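Comments concern the structure below.
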Amino acid sequence: MPELPEVETTLRGISKKILNKQINSFEPRTEKLRWPINKNLKKFLKNKKVCSAERRGKYIILNLSKGHLLIHLGMSGKLRVFNKPTEPKKHEHWDINFTDGWTLRYTDIRKFGALIKIDTKPDQHKLLKNLGPEPLGNSFNGEYLFSVTRKKTRPIKNLIMDANVVTGVGNIYANEALFLAGIRPRKQSRRLSKTNCEDLSRAIRQTLTEAIEAGGTTLKDYTNASEAPGYFKKELRVYDRGNLPCLTCGAKLKLIKQANRQTVYCPVCQN
DNA sequence: CTGGTGACCTGGCTGC
DNA sequence: TGCAGCCAGGTCACCA
């Protein structure tokens, strides 16, 4: 579910509601999500203040008065902040309760998300230290993409979905960006021209930016921190449209399986 | 080093 | 209706 725009939308939704608040208690209701939840986390979080919140790729980092908390939403995770504690339902795996009565609650049907305490500098954590540049940042551009595609034999879609090449581009937006750039997903990375790389980096930036402005994509059940759906779905041109006509030329969109993921492209518009 | 695959987990949908 | 089988937005760990 959550790709970069959904994570960004979530972060914006929770930030102002939790900033500068002090943590009263942490209540886990599961032993583990993707990894076991650190047993010292209750103690670690007690009385800590949330100084700032930021995003790195699809990770949310809460910077505390001492230490950091790393949150990943996996495939189905959601964060919500509310001030009237309700009885936690199934799949609502943890709460961070603040001293003013507000609660940050995590819901995740598939338990692919993560909650990790970090004592050192976050960017040196093994999950973060190898991440590629932010697709919306200045260091991600055609020149960068050109340099990392040289000598790479793997398909370009696999490459841009590799978080160590560029972080935050998931399946939906990889499909969309490749369509926008007119490049076939299976094209070998090293075969991309300089122009291809410039088009693709621009397409990735544009796709993500538009999705953030729309509040993320809602496919099945994504909602933002206020439980509102995202409105980007109506903007999707290829994802989830296999065998339907291309919105540009009318040709039947190809649906293939690539790297175990649904991949859709237009055989006419993309080369 | 590079690249491909399995695994994690649950629910929803399809088709028999 | 029931149920087996397949699929899903992510990505780490492991293997060749």
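By convention in this document, the chains of the structure tokens carry letters A, B, ... by their order, each chain's residues are numbered from 1, and ligands are numbered from 1 in the order they are shown.
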Contact set, chain A to chain C: 12 Å, only C-alpha atoms (C1' of nucleotides), as a compact mmCIF listing (two decimals) with all heavy atoms, in the first residue's frame:
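What follows is the written file part05.txt:
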```txt
# COMPACT_ATOMS: atom_id res chain seq x y z
N MET A 1 0.82 -1.21 0.00
CA MET A 1 0.00 0.00 0.00
C MET A 1 0.85 1.25 0.00
O MET A 1 0.96 1.93 -0.99
CB MET A 1 -0.95 0.00 1.19
CG MET A 1 -1.71 1.29 1.42
SD MET A 1 -1.15 2.27 2.80
CE MET A 1 -1.57 1.24 4.14
N PRO A 2 1.50 1.51 1.10
CA PRO A 2 2.06 2.86 1.16
C PRO A 2 3.35 2.97 0.37
O PRO A 2 4.31 2.27 0.65
CB PRO A 2 2.34 3.06 2.65
CG PRO A 2 1.86 1.83 3.34
CD PRO A 2 1.81 0.76 2.31
N GLU A 3 3.33 3.79 -0.62
CA GLU A 3 4.57 4.16 -1.27
C GLU A 3 4.94 5.54 -0.73
O GLU A 3 4.28 6.04 0.17
CB GLU A 3 4.39 4.17 -2.79
CG GLU A 3 4.14 2.76 -3.33
CD GLU A 3 4.36 2.65 -4.82
OE1 GLU A 3 5.15 3.42 -5.37
OE2 GLU A 3 3.71 1.79 -5.43
N LEU A 4 5.95 6.14 -1.34
CA LEU A 4 6.43 7.41 -0.80
C LEU A 4 5.34 8.46 -0.59
O LEU A 4 5.27 9.08 0.48
CB LEU A 4 7.56 7.94 -1.70
CG LEU A 4 8.30 9.16 -1.20
CD1 LEU A 4 9.75 9.11 -1.62
CD2 LEU A 4 7.65 10.44 -1.67
N PRO A 5 4.46 8.67 -1.56
CA PRO A 5 3.43 9.71 -1.35
C PRO A 5 2.50 9.41 -0.18
O PRO A 5 2.06 10.33 0.52
CB PRO A 5 2.65 9.69 -2.67
CG PRO A 5 3.61 9.16 -3.67
CD PRO A 5 4.41 8.14 -2.91
N GLU A 6 2.21 8.12 0.02
CA GLU A 6 1.33 7.75 1.13
C GLU A 6 2.05 7.96 2.47
O GLU A 6 1.45 8.40 3.44
CB GLU A 6 0.88 6.29 1.01
CG GLU A 6 -0.06 6.02 -0.16
CD GLU A 6 0.64 6.07 -1.50
OE1 GLU A 6 1.76 5.56 -1.59
OE2 GLU A 6 0.07 6.62 -2.45
N VAL A 7 3.33 7.65 2.48
CA VAL A 7 4.10 7.85 3.71
C VAL A 7 4.23 9.35 4.01
O VAL A 7 4.07 9.78 5.14
CB VAL A 7 5.51 7.20 3.61
CG1 VAL A 7 6.32 7.46 4.85
CG2 VAL A 7 5.36 5.70 3.38
N ARG A 34 7.26 -6.98 11.52
CA ARG A 34 8.23 -7.67 10.66
C ARG A 34 9.36 -8.27 11.48
O ARG A 34 9.87 -9.34 11.19
CB ARG A 34 8.79 -6.69 9.64
CG ARG A 34 9.90 -7.31 8.90
CD ARG A 34 10.10 -6.76 7.55
NE ARG A 34 11.02 -7.64 6.85
CZ ARG A 34 11.35 -7.48 5.60
NH1 ARG A 34 10.83 -6.51 4.93
NH2 ARG A 34 12.19 -8.31 5.03
N TRP A 35 9.77 -7.52 12.52
CA TRP A 35 10.76 -8.02 13.45
C TRP A 35 10.19 -7.94 14.86
O TRP A 35 9.23 -7.19 15.10
CB TRP A 35 12.04 -7.18 13.37
CG TRP A 35 12.74 -7.29 12.06
CD1 TRP A 35 13.49 -8.35 11.62
CD2 TRP A 35 12.78 -6.34 11.00
NE1 TRP A 35 13.98 -8.12 10.37
CE2 TRP A 35 13.56 -6.89 9.95
CE3 TRP A 35 12.22 -5.08 10.80
CZ2 TRP A 35 13.81 -6.22 8.75
CZ3 TRP A 35 12.46 -4.40 9.62
CH2 TRP A 35 13.25 -4.97 8.60
N GLY A 57 12.90 7.94 2.49
CA GLY A 57 12.30 6.89 1.68
C GLY A 57 10.91 6.63 2.19
O GLY A 57 10.09 7.54 2.29
N LYS A 58 10.63 5.38 2.53
CA LYS A 58 9.32 5.05 3.07
C LYS A 58 9.36 4.90 4.57
O LYS A 58 8.41 4.43 5.19
CB LYS A 58 8.79 3.78 2.42
CG LYS A 58 8.52 3.97 0.93
CD LYS A 58 8.14 2.67 0.27
CE LYS A 58 8.22 2.83 -1.24
NZ LYS A 58 8.21 1.54 -1.93
N TYR A 59 10.47 5.28 5.17
CA TYR A 59 10.57 5.21 6.61
C TYR A 59 10.17 6.53 7.25
O TYR A 59 10.48 7.60 6.72
CB TYR A 59 12.01 4.89 7.05
CG TYR A 59 12.46 3.49 6.72
CD1 TYR A 59 13.12 3.22 5.53
CD2 TYR A 59 12.22 2.44 7.61
CE1 TYR A 59 13.54 1.94 5.22
CE2 TYR A 59 12.64 1.15 7.30
CZ TYR A 59 13.30 0.91 6.11
OH TYR A 59 13.71 -0.36 5.81
N HIS A 72 8.05 1.84 9.91
CA HIS A 72 7.80 1.51 8.51
C HIS A 72 6.39 0.93 8.42
O HIS A 72 5.99 0.14 9.27
CB HIS A 72 8.83 0.52 7.98
CG HIS A 72 8.86 0.44 6.48
ND1 HIS A 72 7.87 -0.19 5.76
CD2 HIS A 72 9.74 0.92 5.57
CE1 HIS A 72 8.16 -0.09 4.46
NE2 HIS A 72 9.28 0.58 4.32
N LEU A 73 5.65 1.31 7.39
CA LEU A 73 4.26 0.89 7.29
C LEU A 73 4.09 -0.43 6.53
O LEU A 73 2.97 -0.94 6.42
CB LEU A 73 3.42 1.98 6.60
CG LEU A 73 3.47 3.37 7.25
CD1 LEU A 73 2.63 4.35 6.45
CD2 LEU A 73 3.00 3.33 8.69
N GLY A 74 5.19 -0.95 6.00
CA GLY A 74 5.08 -2.21 5.27
C GLY A 74 4.10 -2.10 4.12
O GLY A 74 4.10 -1.13 3.37
N MET A 75 3.25 -3.09 3.96
CA MET A 75 2.28 -3.10 2.86
C MET A 75 0.93 -2.57 3.29
O MET A 75 0.11 -2.20 2.45
CB MET A 75 2.10 -4.53 2.35
CG MET A 75 3.32 -5.11 1.72
SD MET A 75 3.29 -4.95 -0.04
CE MET A 75 2.64 -6.54 -0.50
N SER A 76 0.63 -2.63 4.55
CA SER A 76 -0.75 -2.31 4.96
C SER A 76 -0.82 -1.50 6.26
O SER A 76 -1.86 -1.44 6.88
CB SER A 76 -1.55 -3.62 5.12
OG SER A 76 -0.86 -4.52 5.97
N GLY A 77 0.28 -0.89 6.65
CA GLY A 77 0.30 -0.16 7.91
C GLY A 77 -0.34 1.22 7.80
O GLY A 77 -0.34 1.85 6.75
N ARG A 110 -1.39 -6.90 7.76
CA ARG A 110 -0.44 -7.95 7.37
C ARG A 110 0.83 -8.01 8.22
O ARG A 110 1.65 -8.88 8.01
CB ARG A 110 -0.09 -7.80 5.90
CG ARG A 110 -1.27 -8.16 5.03
CD ARG A 110 -1.06 -7.79 3.60
NE ARG A 110 -0.10 -8.65 2.95
CZ ARG A 110 0.31 -8.47 1.71
NH1 ARG A 110 -0.15 -7.45 1.02
NH2 ARG A 110 1.16 -9.28 1.17
N LYS A 111 0.98 -7.08 9.11
CA LYS A 111 2.14 -7.10 10.02
C LYS A 111 3.49 -7.13 9.28
O LYS A 111 4.42 -7.82 9.69
CB LYS A 111 2.06 -8.29 10.98
CG LYS A 111 0.89 -8.19 11.95
CD LYS A 111 0.69 -9.49 12.69
CE LYS A 111 1.12 -9.42 14.13
NZ LYS A 111 0.80 -10.66 14.85
N PHE A 112 3.56 -6.42 8.17
CA PHE A 112 4.83 -6.30 7.47
C PHE A 112 5.57 -5.04 7.88
O PHE A 112 6.66 -4.76 7.42
CB PHE A 112 4.62 -6.27 5.95
CG PHE A 112 4.32 -7.58 5.33
CD1 PHE A 112 4.03 -7.68 4.00
CD2 PHE A 112 4.34 -8.74 6.09
CE1 PHE A 112 3.76 -8.90 3.41
CE2 PHE A 112 4.07 -9.97 5.53
CZ PHE A 112 3.76 -10.04 4.17
N GLY A 113 4.95 -4.25 8.70
CA GLY A 113 5.57 -3.00 9.12
C GLY A 113 6.64 -3.21 10.16
O GLY A 113 6.93 -4.34 10.55
N ALA A 114 7.24 -2.12 10.61
CA ALA A 114 8.32 -2.23 11.58
C ALA A 114 8.28 -1.07 12.57
O ALA A 114 7.79 0.01 12.26
CB ALA A 114 9.67 -2.24 10.86
N LYS A 126 21.43 0.23 9.86
CA LYS A 126 21.61 -0.62 8.67
C LYS A 126 20.45 -0.54 7.68
O LYS A 126 20.64 -0.76 6.49
CB LYS A 126 21.87 -2.08 9.08
CG LYS A 126 20.68 -2.76 9.73
CD LYS A 126 20.94 -4.26 9.86
CE LYS A 126 19.73 -4.94 10.48
NZ LYS A 126 19.90 -6.40 10.59
N LEU A 127 19.25 -0.22 8.19
CA LEU A 127 18.12 -0.12 7.26
C LEU A 127 18.15 1.18 6.45
O LEU A 127 17.49 1.31 5.44
CB LEU A 127 16.79 -0.21 8.03
CG LEU A 127 16.49 -1.55 8.68
CD1 LEU A 127 15.23 -1.45 9.52
CD2 LEU A 127 16.34 -2.65 7.63
N LEU A 131 20.46 3.46 1.71
CA LEU A 131 19.38 3.96 0.86
C LEU A 131 19.92 4.96 -0.17
O LEU A 131 20.80 5.75 0.12
CB LEU A 131 18.31 4.65 1.71
CG LEU A 131 17.46 3.74 2.60
CD1 LEU A 131 16.45 4.56 3.38
CD2 LEU A 131 16.75 2.67 1.78
N MET A 161 13.05 0.43 -8.70
CA MET A 161 12.36 -0.02 -7.49
C MET A 161 13.34 -0.48 -6.42
O MET A 161 12.93 -0.85 -5.32
CB MET A 161 11.39 -1.16 -7.83
CG MET A 161 10.16 -0.67 -8.55
SD MET A 161 9.00 -2.00 -8.89
CE MET A 161 8.48 -2.45 -7.23
N ASP A 162 14.63 -0.43 -6.74
CA ASP A 162 15.66 -0.81 -5.78
C ASP A 162 15.93 0.39 -4.87
O ASP A 162 16.42 1.43 -5.32
CB ASP A 162 16.92 -1.22 -6.54
CG ASP A 162 18.02 -1.71 -5.62
OD1 ASP A 162 18.01 -1.37 -4.41
OD2 ASP A 162 18.91 -2.44 -6.12
N ALA A 163 15.62 0.24 -3.59
CA ALA A 163 15.73 1.37 -2.66
C ALA A 163 17.16 1.88 -2.53
O ALA A 163 17.38 3.01 -2.11
CB ALA A 163 15.18 0.97 -1.29
N ASN A 164 18.13 1.05 -2.88
CA ASN A 164 19.51 1.50 -2.78
C ASN A 164 19.92 2.32 -4.00
O ASN A 164 20.99 2.93 -4.02
CB ASN A 164 20.45 0.30 -2.61
CG ASN A 164 20.17 -0.41 -1.30
OD1 ASN A 164 19.67 0.18 -0.35
ND2 ASN A 164 20.47 -1.70 -1.25
N THR A 167 15.29 5.81 -3.41
CA THR A 167 14.41 5.28 -2.38
C THR A 167 12.99 5.81 -2.49
O THR A 167 12.78 6.97 -2.82
CB THR A 167 14.97 5.59 -0.97
OG1 THR A 167 14.06 5.10 -0.01
CG2 THR A 167 15.15 7.08 -0.77
N GLY A 168 12.03 4.91 -2.30
CA GLY A 168 10.64 5.37 -2.23
C GLY A 168 9.80 5.11 -3.45
O GLY A 168 8.61 5.38 -3.46
N VAL A 169 10.40 4.59 -4.53
CA VAL A 169 9.62 4.31 -5.74
C VAL A 169 9.12 2.87 -5.68
O VAL A 169 9.89 1.93 -5.83
CB VAL A 169 10.45 4.53 -7.02
CG1 VAL A 169 9.60 4.25 -8.25
CG2 VAL A 169 11.00 5.94 -7.06
N GLY A 170 7.86 2.68 -5.46
CA GLY A 170 7.27 1.35 -5.38
C GLY A 170 6.63 0.96 -6.70
O GLY A 170 6.80 1.63 -7.73
N ASN A 171 5.88 -0.11 -6.65
CA ASN A 171 5.36 -0.70 -7.88
C ASN A 171 4.41 0.22 -8.67
O ASN A 171 4.53 0.37 -9.88
CB ASN A 171 4.66 -2.02 -7.56
CG ASN A 171 4.42 -2.85 -8.78
OD1 ASN A 171 5.25 -2.87 -9.70
ND2 ASN A 171 3.29 -3.50 -8.84
N ILE A 172 3.50 0.84 -7.98
CA ILE A 172 2.53 1.70 -8.67
C ILE A 172 3.24 2.81 -9.44
O ILE A 172 3.05 2.98 -10.65
CB ILE A 172 1.57 2.39 -7.69
CG1 ILE A 172 0.73 1.35 -6.94
CG2 ILE A 172 0.65 3.36 -8.42
CD1 ILE A 172 -0.20 1.96 -5.91
N TYR A 173 4.07 3.54 -8.73
CA TYR A 173 4.68 4.73 -9.34
C TYR A 173 5.79 4.39 -10.31
O TYR A 173 6.07 5.16 -11.22
CB TYR A 173 5.14 5.69 -8.24
CG TYR A 173 3.97 6.13 -7.38
CD1 TYR A 173 3.85 5.72 -6.06
CD2 TYR A 173 2.93 6.89 -7.93
CE1 TYR A 173 2.74 6.08 -5.29
CE2 TYR A 173 1.83 7.25 -7.18
CZ TYR A 173 1.74 6.84 -5.86
OH TYR A 173 0.65 7.20 -5.11
N ALA A 174 6.39 3.20 -10.15
CA ALA A 174 7.37 2.75 -11.14
C ALA A 174 6.65 2.53 -12.47
O ALA A 174 7.11 2.98 -13.53
CB ALA A 174 8.05 1.47 -10.67
N GLY A 216 -2.11 10.95 -1.93
CA GLY A 216 -1.78 9.54 -2.02
C GLY A 216 -2.77 8.78 -2.89
O GLY A 216 -3.77 9.32 -3.35
N THR A 217 -2.44 7.52 -3.11
CA THR A 217 -3.29 6.66 -3.93
C THR A 217 -4.08 5.72 -3.04
O THR A 217 -3.52 5.10 -2.15
CB THR A 217 -2.43 5.81 -4.88
OG1 THR A 217 -1.69 6.67 -5.73
CG2 THR A 217 -3.30 4.89 -5.72
N THR A 218 -5.36 5.63 -3.28
CA THR A 218 -6.15 4.64 -2.56
C THR A 218 -6.50 3.52 -3.52
O THR A 218 -7.21 3.74 -4.50
CB THR A 218 -7.46 5.25 -2.02
OG1 THR A 218 -7.12 6.21 -1.04
CG2 THR A 218 -8.31 4.16 -1.36
N LEU A 219 -5.98 2.34 -3.29
CA LEU A 219 -6.36 1.21 -4.13
C LEU A 219 -7.42 0.41 -3.42
O LEU A 219 -8.57 0.36 -3.82
CB LEU A 219 -5.14 0.33 -4.42
CG LEU A 219 -4.20 0.89 -5.47
CD1 LEU A 219 -3.08 -0.08 -5.72
CD2 LEU A 219 -4.95 1.16 -6.76
N LYS A 220 -7.03 -0.22 -2.34
CA LYS A 220 -8.01 -1.00 -1.61
C LYS A 220 -8.46 -0.27 -0.36
O LYS A 220 -9.59 0.09 -0.21
CB LYS A 220 -7.43 -2.37 -1.24
CG LYS A 220 -7.21 -3.24 -2.44
CD LYS A 220 -6.97 -4.67 -2.03
CE LYS A 220 -7.05 -5.61 -3.21
NZ LYS A 220 -6.03 -5.34 -4.21
N ASP A 221 -7.52 -0.01 0.50
CA ASP A 221 -7.94 0.49 1.80
C ASP A 221 -7.01 1.54 2.38
O ASP A 221 -7.00 1.78 3.57
CB ASP A 221 -8.06 -0.67 2.79
CG ASP A 221 -6.77 -1.47 2.87
OD1 ASP A 221 -5.80 -1.06 2.21
OD2 ASP A 221 -6.74 -2.47 3.58
N TYR A 222 -6.20 2.15 1.52
CA TYR A 222 -5.33 3.18 2.08
C TYR A 222 -6.14 4.40 2.51
O TYR A 222 -6.99 4.90 1.78
CB TYR A 222 -4.27 3.64 1.07
CG TYR A 222 -3.55 4.88 1.53
CD1 TYR A 222 -2.57 4.80 2.52
CD2 TYR A 222 -3.88 6.13 1.04
CE1 TYR A 222 -1.94 5.93 2.99
CE2 TYR A 222 -3.25 7.27 1.50
CZ TYR A 222 -2.28 7.16 2.48
OH TYR A 222 -1.66 8.29 2.95
N TYR A 239 -1.19 1.51 -14.09
CA TYR A 239 -1.28 0.55 -12.99
C TYR A 239 -2.72 0.08 -12.79
O TYR A 239 -3.64 0.91 -12.76
CB TYR A 239 -0.75 1.14 -11.69
CG TYR A 239 -0.80 0.11 -10.57
CD1 TYR A 239 0.21 -0.83 -10.45
CD2 TYR A 239 -1.89 0.05 -9.72
CE1 TYR A 239 0.14 -1.82 -9.49
CE2 TYR A 239 -1.97 -0.94 -8.75
CZ TYR A 239 -0.95 -1.87 -8.65
OH TYR A 239 -1.03 -2.84 -7.71
N ASP A 240 -2.88 -1.23 -12.69
CA ASP A 240 -4.21 -1.82 -12.48
C ASP A 240 -5.11 -1.68 -13.71
O ASP A 240 -6.31 -1.84 -13.62
CB ASP A 240 -4.88 -1.16 -11.25
CG ASP A 240 -5.82 -2.14 -10.53
OD1 ASP A 240 -5.61 -3.35 -10.69
OD2 ASP A 240 -6.73 -1.69 -9.84
N ASN A 260 8.14 -10.58 -9.98
CA ASN A 260 7.01 -10.97 -9.13
C ASN A 260 5.98 -9.89 -8.88
O ASN A 260 5.20 -9.98 -7.95
CB ASN A 260 7.51 -11.50 -7.78
CG ASN A 260 7.67 -13.01 -7.84
OD1 ASN A 260 6.83 -13.70 -8.41
ND2 ASN A 260 8.76 -13.51 -7.29
N ARG A 261 6.01 -8.84 -9.69
CA ARG A 261 5.05 -7.76 -9.47
C ARG A 261 4.24 -7.51 -10.73
O ARG A 261 4.71 -7.69 -11.84
CB ARG A 261 5.79 -6.43 -9.12
CG ARG A 261 6.90 -6.57 -8.14
CD ARG A 261 6.38 -7.11 -6.85
NE ARG A 261 5.57 -6.14 -6.19
CZ ARG A 261 5.93 -5.55 -5.05
NH1 ARG A 261 7.07 -5.83 -4.50
NH2 ARG A 261 5.12 -4.70 -4.47
N GLN A 262 3.03 -7.03 -10.52
CA GLN A 262 2.19 -6.66 -11.65
C GLN A 262 2.85 -5.49 -12.40
O GLN A 262 3.17 -4.47 -11.80
CB GLN A 262 0.80 -6.23 -11.16
CG GLN A 262 -0.16 -5.95 -12.30
CD GLN A 262 -1.42 -5.20 -11.89
OE1 GLN A 262 -1.91 -4.37 -12.63
NE2 GLN A 262 -1.94 -5.50 -10.71
```
Out of region 57-254 of chain A, which residues get alpha helix (DSSP H) from DSSP, as a PyMOL selection string?
-> chain A and resi 142-149+156-160+171-181+194-213
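For chain B, the residues within 9 Å of chain A are DT2, DG3, DG4, DT5, DC8, DC9, DT10 and DG11 of chain B, with only C-alpha atoms (C1' of nucleotides) used to measure distance.
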Print the selection's residues with N, CA, C and O atoms (P, O5', C5', C4', C3', O3' and C1' of nucleotides) to a file, as a CSV table (one decimal), in the first residue's frame.
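Writing the result to result.csv gives the following:
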```csv
chain,number,residue,atom,x,y,z
B,2,DT,P,27.5,-4.2,-7.6
B,2,DT,O5',26.8,-5.5,-8.3
B,2,DT,C5',27.2,-5.9,-9.6
B,2,DT,C4',26.2,-6.9,-10.1
B,2,DT,C3',24.8,-6.4,-10.0
B,2,DT,O3',24.2,-6.6,-11.3
B,2,DT,C1',25.0,-8.5,-8.9
B,3,DG,P,22.8,-6.1,-11.7
B,3,DG,O5',21.9,-7.4,-11.4
B,3,DG,C5',22.2,-8.6,-12.0
B,3,DG,C4',21.3,-9.7,-11.6
B,3,DG,C3',19.9,-9.2,-11.4
B,3,DG,O3',19.1,-10.3,-11.9
B,3,DG,C1',20.6,-10.2,-9.4
B,4,DG,P,17.6,-10.1,-12.3
B,4,DG,O5',16.9,-11.4,-11.7
B,4,DG,C5',17.6,-12.6,-11.9
B,4,DG,C4',17.1,-13.6,-10.9
B,4,DG,C3',15.6,-13.5,-10.6
B,4,DG,O3',15.0,-14.8,-10.7
B,4,DG,C1',16.8,-13.3,-8.6
B,5,DT,P,13.5,-15.0,-10.5
B,5,DT,O5',13.4,-15.6,-9.0
B,5,DT,C5',14.2,-16.7,-8.7
B,5,DT,C4',13.9,-17.0,-7.2
B,5,DT,C3',12.4,-17.1,-6.8
B,5,DT,O3',12.2,-18.3,-6.2
B,5,DT,C1',13.7,-15.7,-5.3
B,8,DC,P,8.0,-17.9,6.5
B,8,DC,O5',7.5,-16.5,7.0
B,8,DC,C5',8.3,-15.7,7.8
B,8,DC,C4',7.8,-14.3,7.8
B,8,DC,C3',6.3,-14.2,8.0
B,8,DC,O3',6.1,-13.9,9.4
B,8,DC,C1',7.0,-12.7,6.3
B,9,DC,P,4.9,-14.7,10.2
B,9,DC,O5',3.6,-14.0,9.6
B,9,DC,C5',3.3,-12.6,10.0
B,9,DC,C4',2.1,-12.2,9.3
B,9,DC,C3',0.9,-13.1,9.5
B,9,DC,O3',0.0,-12.6,10.4
B,9,DC,C1',1.1,-12.3,7.3
B,10,DT,P,-1.3,-13.4,10.9
B,10,DT,O5',-2.4,-12.8,9.9
B,10,DT,C5',-2.7,-11.4,10.0
B,10,DT,C4',-3.6,-11.1,8.8
B,10,DT,C3',-4.9,-11.9,8.7
B,10,DT,O3',-5.9,-11.0,9.0
B,10,DT,C1',-3.8,-11.6,6.6
B,11,DG,P,-7.4,-11.5,8.9
B,11,DG,O5',-7.8,-11.0,7.5
B,11,DG,C5',-7.6,-9.6,7.1
B,11,DG,C4',-8.0,-9.4,5.7
B,11,DG,C3',-9.4,-9.9,5.4
B,11,DG,O3',-10.0,-8.9,4.5
B,11,DG,C1',-7.9,-10.8,3.9
```
As a VMD selection string, which residues of region 66-252 of chain A does DSSP assign to strand (DSSP E or B)?
-> chain A and resid 68 to 72 77 to 82 92 to 98 103 to 108 114 to 118 155 188 223 229 245 252
Separation of CA of Arg205 (chain A) from CA of Lys78 (chain A), in Å and rounded to one decimal | 24.0 Å
Need the shell around Phe26 (chain A): protein/DNA/RNA residues with any atom at most 10 Å away, counting only C-alpha atoms (C1' of nucleotides). Skip same-chain ones fewer than 6 positions apart. Format as a PDB file with N, CA, C and O atoms, in the first residue's frame?
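This went into out_11.pdb:
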```
ATOM      1  N   LEU A  41      11.395  -1.262  24.760  1.00  0.00           N
ATOM      2  CA  LEU A  41      10.819  -0.080  24.124  1.00  0.00           C
ATOM      3  C   LEU A  41       9.910   0.722  25.059  1.00  0.00           C
ATOM      4  O   LEU A  41       9.888   1.952  25.020  1.00  0.00           O
ATOM      5  N   LYS A  42       9.184   0.021  25.906  1.00  0.00           N
ATOM      6  CA  LYS A  42       8.329   0.715  26.870  1.00  0.00           C
ATOM      7  C   LYS A  42       9.146   1.681  27.711  1.00  0.00           C
ATOM      8  O   LYS A  42       8.822   2.857  27.853  1.00  0.00           O
ATOM      9  N   LYS A  43      10.206   1.139  28.255  1.00  0.00           N
ATOM     10  CA  LYS A  43      11.087   1.919  29.122  1.00  0.00           C
ATOM     11  C   LYS A  43      11.780   3.028  28.322  1.00  0.00           C
ATOM     12  O   LYS A  43      11.907   4.170  28.762  1.00  0.00           O
ATOM     13  N   PHE A  44      12.209   2.657  27.118  1.00  0.00           N
ATOM     14  CA  PHE A  44      12.931   3.588  26.248  1.00  0.00           C
ATOM     15  C   PHE A  44      12.085   4.819  25.906  1.00  0.00           C
ATOM     16  O   PHE A  44      12.568   5.946  25.870  1.00  0.00           O
ATOM     17  N   LEU A  45      10.793   4.595  25.673  1.00  0.00           N
ATOM     18  CA  LEU A  45       9.936   5.689  25.222  1.00  0.00           C
ATOM     19  C   LEU A  45       9.368   6.538  26.365  1.00  0.00           C
ATOM     20  O   LEU A  45       9.045   7.715  26.164  1.00  0.00           O
ATOM     21  N   LYS A  46       9.261   5.939  27.517  1.00  0.00           N
ATOM     22  CA  LYS A  46       8.655   6.614  28.677  1.00  0.00           C
ATOM     23  C   LYS A  46       9.287   7.991  28.918  1.00  0.00           C
ATOM     24  O   LYS A  46      10.514   8.106  29.033  1.00  0.00           O
ATOM     25  N   TRP A  94      -0.185  -1.303  18.130  1.00  0.00           N
ATOM     26  CA  TRP A  94       0.440  -0.579  19.237  1.00  0.00           C
ATOM     27  C   TRP A  94      -0.088   0.846  19.367  1.00  0.00           C
ATOM     28  O   TRP A  94      -0.614   1.422  18.412  1.00  0.00           O
ATOM     29  N   ASP A  95       0.048   1.368  20.567  1.00  0.00           N
ATOM     30  CA  ASP A  95      -0.314   2.756  20.872  1.00  0.00           C
ATOM     31  C   ASP A  95       0.875   3.452  21.516  1.00  0.00           C
ATOM     32  O   ASP A  95       1.561   2.857  22.343  1.00  0.00           O
ATOM     33  N   ILE A  96       1.084   4.703  21.127  1.00  0.00           N
ATOM     34  CA  ILE A  96       1.962   5.564  21.916  1.00  0.00           C
ATOM     35  C   ILE A  96       1.047   6.617  22.538  1.00  0.00           C
ATOM     36  O   ILE A  96       0.408   7.397  21.824  1.00  0.00           O
ATOM     37  N   ASN A  97       0.955   6.596  23.837  1.00  0.00           N
ATOM     38  CA  ASN A  97       0.069   7.530  24.535  1.00  0.00           C
ATOM     39  C   ASN A  97       0.861   8.718  25.054  1.00  0.00           C
ATOM     40  O   ASN A  97       1.912   8.553  25.668  1.00  0.00           O
ATOM     41  N   PHE A  98       0.343   9.903  24.798  1.00  0.00           N
ATOM     42  CA  PHE A  98       1.031  11.114  25.237  1.00  0.00           C
ATOM     43  C   PHE A  98       0.430  11.608  26.547  1.00  0.00           C
ATOM     44  O   PHE A  98      -0.700  11.264  26.913  1.00  0.00           O
ATOM     45  N   THR A 103      -3.271   9.941  21.459  1.00  0.00           N
ATOM     46  CA  THR A 103      -2.672   8.628  21.188  1.00  0.00           C
ATOM     47  C   THR A 103      -2.268   8.522  19.715  1.00  0.00           C
ATOM     48  O   THR A 103      -3.019   8.916  18.825  1.00  0.00           O
ATOM     49  N   LEU A 104      -1.074   7.989  19.476  1.00  0.00           N
ATOM     50  CA  LEU A 104      -0.636   7.624  18.130  1.00  0.00           C
ATOM     51  C   LEU A 104      -0.815   6.120  18.020  1.00  0.00           C
ATOM     52  O   LEU A 104      -0.209   5.362  18.769  1.00  0.00           O
TER      53      LEU A 104
END
```
Nearest residue to Ser201 (chain A) from the set A:Glu143, A:Glu87, A:Gly132, A:Ile18 (distances using only C-alpha atoms) | A:Glu143
